[in-house]
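Novice: After the structure tokens below, expect a handful of questions from me.
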Amino acid sequence: MKWQRSGLEVTELCFGTLPMGPLQLGQTPEESATIIRAALQAGVNFIDTAQSYRTYAAIRQAKAGWPHRVIIASKSQVPDYGGMQQAVEEALRELDVDRVDIFHLHAPRASANVFEERAGALQCLLDCRKKGLVGAVGISTHVVQVVEKAAAHEDIDVIFPLINRTGLGIVGGSLDDMLRAIARAHDAGKDLYAMKVFGGGNLLDDREEALRFVRGIPGMQVIAMGMVTLAELEMNLKLFAGEPISSDLLARTAKATKKLKILTHQCKACGDCVEACPNGALSLVDGHSQVDETRCILCGYCAPHCLQFAIRMV
């Protein structure tokens, strides 16, 4: 399908690379590249990454020699002009591309003031868009008010919000509030794609309904899915194509047992991970950080903020 605002032609299934990298599974670039290349061969042409995901090498290897266009979206959390310029240059170099098709302000938990607080970074992306180094400028967020502000922001082309049928992980409002914000963005002509449709794996028990819900949202024509195995890729391809799924494939892609673990003997109770968590899943209890598994969507955004290396995905 062709997006209206950016003119990019993207597949409905976007390959999300977050869970492959060191924030979660920690696959080698070679292991990840094999799965990404299989997705390209299956017809997927859209890959989502970020500076913090550290998956550029895997994407570069996967697309090496590939004869067709690959659309890549990246993001950075840096707030200033110089930092964002370095982030764009890093992406261009490490991905081996002349242009990053979409570059987002990476703002999972940032407030509605994100465009003022990161004015320098945004200006850099706008300048890079003029120079042809960036195709479209966007923002990725879990926050209702940021989607609302982005919908009204004339310089934002693409919005990448968190949305799922139970509202798991939404910040600053309810599921209905996020749906209304997305509707505003759609009415404003923004290009949209969705994240965390399965709630970090928490909604896999009814994945067909979870996918059906998000596909039914007006304007939400593309969905990013994190994948780390060929079986997960096969499952998602079948889901999007409406094909029957065997019991064997269901079993091989059942809800993972992966959880966020805090090594309490290493935790110094600094609270940095608590502040970094976009979902309010972490708190300080009895002198160390503690995770509320009912709120954790396994995004892994907390881990880089722990200088004690006390946070693990296991």
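Please note that chains go A, B, ... in the order of the structure tokens, that every chain numbers its residues from 1, and that ligands are numbered from 1 in the order shown.
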Name all residues at most 10 Å from A:Leu211 (count only C-alpha atoms; drop same-chain ones fewer than 5 positions away) and give them as an mmCIF file with N, CA and C atoms, in the first residue's frame.
Specialist:
data_model
loop_
_atom_site.group_PDB
_atom_site.id
_atom_site.type_symbol
_atom_site.label_atom_id
_atom_site.label_comp_id
_atom_site.auth_asym_id
_atom_site.auth_seq_id
_atom_site.Cartn_x
_atom_site.Cartn_y
_atom_site.Cartn_z
ATOM 1 N N ASN A 164 -3.230 -1.540 21.230
ATOM 2 C CA ASN A 164 -3.679 -2.933 21.221
ATOM 3 C C ASN A 164 -5.074 -2.998 21.828
ATOM 4 N N ARG A 165 -5.710 -4.117 21.700
ATOM 5 C CA ARG A 165 -7.139 -4.203 22.016
ATOM 6 C C ARG A 165 -7.462 -4.074 23.501
ATOM 7 N N VAL A 197 1.020 -4.566 19.150
ATOM 8 C CA VAL A 197 -0.318 -5.106 18.884
ATOM 9 C C VAL A 197 -0.614 -6.319 19.760
ATOM 10 N N PHE A 198 0.431 -7.096 20.056
ATOM 11 C CA PHE A 198 0.266 -8.260 20.938
ATOM 12 C C PHE A 198 0.671 -7.947 22.381
ATOM 13 N N LEU A 203 -0.809 -10.823 24.685
ATOM 14 C CA LEU A 203 -2.090 -11.076 24.014
ATOM 15 C C LEU A 203 -1.995 -12.192 22.981
ATOM 16 N N LEU A 204 -0.947 -12.987 23.058
ATOM 17 C CA LEU A 204 -0.758 -14.047 22.066
ATOM 18 C C LEU A 204 -1.803 -15.155 22.179
ATOM 19 N N ASP A 206 -4.846 -14.912 22.122
ATOM 20 C CA ASP A 206 -5.919 -14.632 21.161
ATOM 21 C C ASP A 206 -5.374 -13.681 20.105
ATOM 22 N N GLY A 216 -8.602 -3.062 12.118
ATOM 23 C CA GLY A 216 -9.885 -2.398 11.915
ATOM 24 C C GLY A 216 -9.895 -0.926 12.264
ATOM 25 N N ILE A 223 1.348 -2.537 10.430
ATOM 26 C CA ILE A 223 1.570 -3.000 11.795
ATOM 27 C C ILE A 223 2.981 -3.561 11.915
ATOM 28 N N ASN A 236 3.245 -14.885 11.446
ATOM 29 C CA ASN A 236 2.730 -13.560 11.113
ATOM 30 C C ASN A 236 2.344 -13.453 9.648
ATOM 31 N N LEU A 239 -1.007 -15.100 9.453
ATOM 32 C CA LEU A 239 -2.029 -14.273 10.075
ATOM 33 C C LEU A 239 -2.457 -13.136 9.146
ATOM 34 N N PHE A 240 -1.488 -12.452 8.567
ATOM 35 C CA PHE A 240 -1.799 -11.314 7.709
ATOM 36 C C PHE A 240 -2.466 -11.761 6.407
#
Novice: Would you list the contacts of A:Glu31 as a list of chain:residue names, taking every protein, DNA or RNA residue within 10 Å and counting only C-alpha atoms, but skipping same-chain residues closer than 5 positions in sequence?
Specialist: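 Selected residues are A:Met20, A:Gly26, A:Ile36, A:Ala58, A:Ala62, A:Val228, A:Thr229.
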Novice: Set the distance at 6 Å and use only C-alpha atoms: which residues neighbour stretch 189-192 of chain A once local chain neighbours fewer than 6 positions away are removed? I'd like the list as a tab-separated table (two decimals) with C-alpha atoms, in the first residue's frame.
Specialist:
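The file below, selection.tsv, is the result:
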chain	number	residue	atom	x	y	z
A	5	ARG	CA	1.66	11.82	3.25
A	157	ASP	CA	4.76	13.02	8.51
A	158	VAL	CA	4.51	9.68	10.33
A	159	ILE	CA	3.19	8.65	13.76
A	160	PHE	CA	4.07	5.30	15.31
A	220	MET	CA	-3.86	2.05	10.74
Novice: Using only C-alpha atoms, find the one residue out of A:Gly242, A:Gly167, A:Gly287, A:Gly7 that sits nearest to A:Ile71.
Specialist: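 Of A:Gly242, A:Gly167, A:Gly287, A:Gly7, the one nearest A:Ile71 is A:Gly7, counting only C-alpha atoms.
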Novice: Would you please give, as number ranges by chain, all residues of stretch 65-277 of chain A that DSSP assigns to alpha helix (DSSP H) based on the backbone?
Specialist: A: 81-95, 114-117, 119-131, 144-152, 175-187, 207-215, 230-241, 247-252, 272-276
Novice: Run DSSP on the backbone and tell me which residues of stretch 12-222 of chain A come out as strand (DSSP E or B); list them as a compact mmCIF listing (two decimals) with N, CA and C atoms, in the first residue's frame.
Specialist:
# COMPACT_ATOMS: atom_id res chain seq x y z
N LEU A 13 2.69 -5.66 6.82
CA LEU A 13 3.51 -6.22 7.88
C LEU A 13 4.88 -5.55 7.86
N CYS A 14 5.20 -4.90 8.97
CA CYS A 14 6.51 -4.28 9.14
C CYS A 14 7.33 -5.15 10.09
N PHE A 15 8.57 -5.41 9.73
CA PHE A 15 9.43 -6.25 10.56
C PHE A 15 10.05 -5.41 11.67
N GLY A 16 9.64 -5.67 12.92
CA GLY A 16 10.19 -4.97 14.06
C GLY A 16 11.42 -5.68 14.60
N PHE A 46 9.34 -3.56 4.68
CA PHE A 46 9.40 -2.47 5.65
C PHE A 46 10.03 -2.99 6.94
N ILE A 47 11.10 -2.34 7.40
CA ILE A 47 11.83 -2.75 8.61
C ILE A 47 11.88 -1.56 9.56
N ASP A 48 11.57 -1.82 10.82
CA ASP A 48 11.63 -0.80 11.86
C ASP A 48 12.77 -1.09 12.81
N ILE A 71 12.32 -0.44 2.70
CA ILE A 71 11.96 0.77 3.44
C ILE A 71 12.41 0.59 4.89
N ILE A 72 13.18 1.54 5.40
CA ILE A 72 13.70 1.43 6.77
C ILE A 72 13.29 2.66 7.57
N ALA A 73 12.76 2.40 8.77
CA ALA A 73 12.46 3.46 9.73
C ALA A 73 13.41 3.31 10.91
N SER A 74 14.01 4.41 11.35
CA SER A 74 14.82 4.38 12.55
C SER A 74 14.38 5.52 13.47
N LYS A 75 15.03 5.61 14.63
CA LYS A 75 14.65 6.59 15.63
C LYS A 75 15.81 6.86 16.57
N SER A 76 15.75 7.99 17.26
CA SER A 76 16.75 8.30 18.27
C SER A 76 16.11 9.11 19.38
N VAL A 100 17.60 7.49 5.03
CA VAL A 100 16.73 6.74 5.94
C VAL A 100 15.30 7.16 5.63
N ASP A 101 14.48 6.21 5.24
CA ASP A 101 13.15 6.54 4.71
C ASP A 101 12.27 7.26 5.73
N ILE A 102 12.33 6.83 7.00
CA ILE A 102 11.60 7.48 8.08
C ILE A 102 12.56 7.61 9.26
N PHE A 103 12.62 8.80 9.85
CA PHE A 103 13.41 8.94 11.08
C PHE A 103 12.51 9.59 12.13
N HIS A 104 12.36 8.87 13.24
CA HIS A 104 11.47 9.31 14.32
C HIS A 104 12.23 9.97 15.46
N LEU A 105 11.55 10.88 16.13
CA LEU A 105 11.89 11.19 17.50
C LEU A 105 11.45 9.97 18.32
N HIS A 106 12.39 9.34 18.99
CA HIS A 106 12.09 8.13 19.76
C HIS A 106 11.63 8.59 21.14
N VAL A 134 16.92 12.13 4.94
CA VAL A 134 15.77 11.52 5.61
C VAL A 134 14.56 11.72 4.71
N GLY A 135 13.77 10.67 4.53
CA GLY A 135 12.62 10.79 3.66
C GLY A 135 11.41 11.41 4.34
N ALA A 136 11.10 10.96 5.54
CA ALA A 136 9.95 11.44 6.28
C ALA A 136 10.33 11.57 7.74
N VAL A 137 9.71 12.52 8.43
CA VAL A 137 9.99 12.77 9.84
C VAL A 137 8.80 12.29 10.67
N GLY A 138 9.10 11.54 11.73
CA GLY A 138 8.01 10.99 12.52
C GLY A 138 8.30 11.01 14.01
N ILE A 139 7.37 10.41 14.76
CA ILE A 139 7.55 10.26 16.20
C ILE A 139 6.95 8.93 16.62
N SER A 140 7.66 8.21 17.49
CA SER A 140 7.15 6.97 18.05
C SER A 140 6.82 7.22 19.52
N THR A 141 5.67 6.75 19.97
CA THR A 141 5.21 7.12 21.30
C THR A 141 4.21 6.12 21.86
N VAL A 143 2.24 7.54 24.29
CA VAL A 143 1.50 8.55 25.04
C VAL A 143 0.38 9.17 24.21
N VAL A 158 4.85 11.05 9.93
CA VAL A 158 4.51 9.68 10.33
C VAL A 158 4.38 9.60 11.85
N ILE A 159 3.37 8.88 12.33
CA ILE A 159 3.19 8.65 13.76
C ILE A 159 3.15 7.15 14.00
N PHE A 160 3.91 6.72 15.00
CA PHE A 160 4.07 5.30 15.31
C PHE A 160 3.62 5.08 16.76
N PRO A 161 2.31 4.91 16.99
CA PRO A 161 1.80 4.81 18.36
C PRO A 161 1.65 3.37 18.84
N LEU A 162 1.69 3.22 20.15
CA LEU A 162 1.36 1.95 20.78
C LEU A 162 -0.16 1.80 20.82
N VAL A 171 0.02 5.19 27.74
CA VAL A 171 0.34 6.17 28.78
C VAL A 171 -0.51 7.42 28.57
N ASP A 191 0.61 9.63 8.12
CA ASP A 191 0.84 8.20 7.92
C ASP A 191 1.00 7.55 9.29
N LEU A 192 0.40 6.36 9.45
CA LEU A 192 0.37 5.70 10.75
C LEU A 192 0.79 4.25 10.64
N TYR A 193 1.55 3.79 11.63
CA TYR A 193 1.71 2.34 11.79
C TYR A 193 1.77 2.02 13.27
N ALA A 194 1.37 0.80 13.61
CA ALA A 194 1.12 0.44 15.00
C ALA A 194 2.22 -0.40 15.60
N MET A 195 2.43 -0.23 16.92
CA MET A 195 3.37 -1.08 17.66
C MET A 195 2.63 -1.76 18.81
N VAL A 222 -0.66 -0.25 8.58
CA VAL A 222 0.60 -0.98 8.71
C VAL A 222 0.82 -1.33 10.17
Novice: Rounded to one decimal place, report the atom CA of A:Asp96-atom CA of A:Ala119 distance in Å.
Specialist: 27.4 Å
Novice: I need the residue nearest A:Arg99 from this list: A:Leu125, A:Leu18, A:Ala231, A:Ala310. Use only C-alpha atoms for the distance.
Specialist: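 Closest candidate: A:Leu125.
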Novice: Which polymer residues have any atom within 12 Å of an atom of A:Leu25, counting only C-alpha atoms, with same-chain residues fewer than 2 positions away left out, as a ChimeraX atom specification?
Specialist: /A:17-23,27-29,31-32,53-55,226-229,256,258-260,298-300,312-314
Novice: Once you have the residues from the selection above, write them out as a tab-separated table (two decimals), in the first residue's frame, restricted to C-alpha atoms.
Specialist:
chain	number	residue	atom	x	y	z
A	17	THR	CA	13.80	-5.61	15.09
A	18	LEU	CA	13.69	-4.55	18.76
A	19	PRO	CA	13.48	-8.06	20.29
A	20	MET	CA	16.43	-9.34	18.23
A	21	GLY	CA	18.97	-6.94	19.67
A	22	PRO	CA	20.78	-6.67	23.00
A	23	LEU	CA	17.82	-4.98	24.71
A	27	GLN	CA	20.98	-12.56	18.79
A	28	THR	CA	24.11	-12.19	16.69
A	29	PRO	CA	23.77	-10.00	13.59
A	31	GLU	CA	21.32	-14.93	13.22
A	32	SER	CA	19.05	-11.91	12.91
A	53	TYR	CA	18.10	-1.33	19.31
A	54	ARG	CA	21.62	-1.87	17.91
A	55	THR	CA	20.31	-3.93	15.00
A	226	GLY	CA	8.76	-8.00	16.53
A	227	MET	CA	10.10	-11.34	15.31
A	228	VAL	CA	13.09	-13.43	16.39
A	229	THR	CA	12.51	-16.83	14.75
A	256	ALA	CA	7.05	-17.04	25.43
A	258	LYS	CA	10.48	-14.61	28.72
A	259	LYS	CA	10.26	-12.22	31.65
A	260	LEU	CA	12.07	-9.17	32.96
A	298	LEU	CA	8.95	-6.52	27.58
A	299	CYS	CA	10.09	-3.53	25.54
A	300	GLY	CA	13.51	-3.59	27.20
A	312	ARG	CA	17.89	-9.12	32.33
A	313	MET	CA	15.42	-10.60	29.85
A	314	VAL	CA	15.22	-14.29	30.72
Novice: Calculated over only C-alpha atoms, which of the candidates A:Glu89, A:Asp176, A:Glu9, A:Asp272 has the smallest distance to A:Cys302?
Specialist: A:Asp272
Novice: Considering only C-alpha atoms, state which residue in the set A:Arg93, A:Arg109, A:His186, A:Arg295 is at the smallest distance from A:Glu275.
Specialist: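 Of A:Arg93, A:Arg109, A:His186, A:Arg295, the one nearest A:Glu275, counting only C-alpha atoms, is A:Arg109.
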Novice: Using only C-alpha atoms, which residues sit within 8 Å of A:Met1 once same-chain residues fewer than 5 positions away are excluded, as a list in words?
Specialist: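 Here the answer would be Glu9, Val10, Thr11 and Glu12 of chain A.
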Novice: Any chance you could export the current selection's C-alpha atoms as an mmCIF file, in the first residue's frame?
Specialist:
data_model
loop_
_atom_site.group_PDB
_atom_site.id
_atom_site.type_symbol
_atom_site.label_atom_id
_atom_site.label_comp_id
_atom_site.auth_asym_id
_atom_site.auth_seq_id
_atom_site.Cartn_x
_atom_site.Cartn_y
_atom_site.Cartn_z
ATOM 1 C CA GLU A 9 4.967 2.120 -0.589
ATOM 2 C CA VAL A 10 5.103 -0.254 2.358
ATOM 3 C CA THR A 11 3.824 -3.715 3.162
ATOM 4 C CA GLU A 12 1.131 -4.090 5.811
#
Novice: Pick out the closest residue to A:Gln4 from this set: A:Asp292, A:Asp187, A:Glu232, A:Asp286. Count only C-alpha atoms.
Specialist: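 Residue with the minimum atom-to-atom distance to A:Gln4: A:Asp187.
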Novice: Of the candidates A:Ser289, A:Leu133, A:Cys124, A:Lys63, which shows the shortest atom-to-atom distance to A:Leu263, using only C-alpha atoms?
Specialist: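 Among A:Ser289, A:Leu133, A:Cys124, A:Lys63, it is A:Ser289 that comes nearest to A:Leu263.
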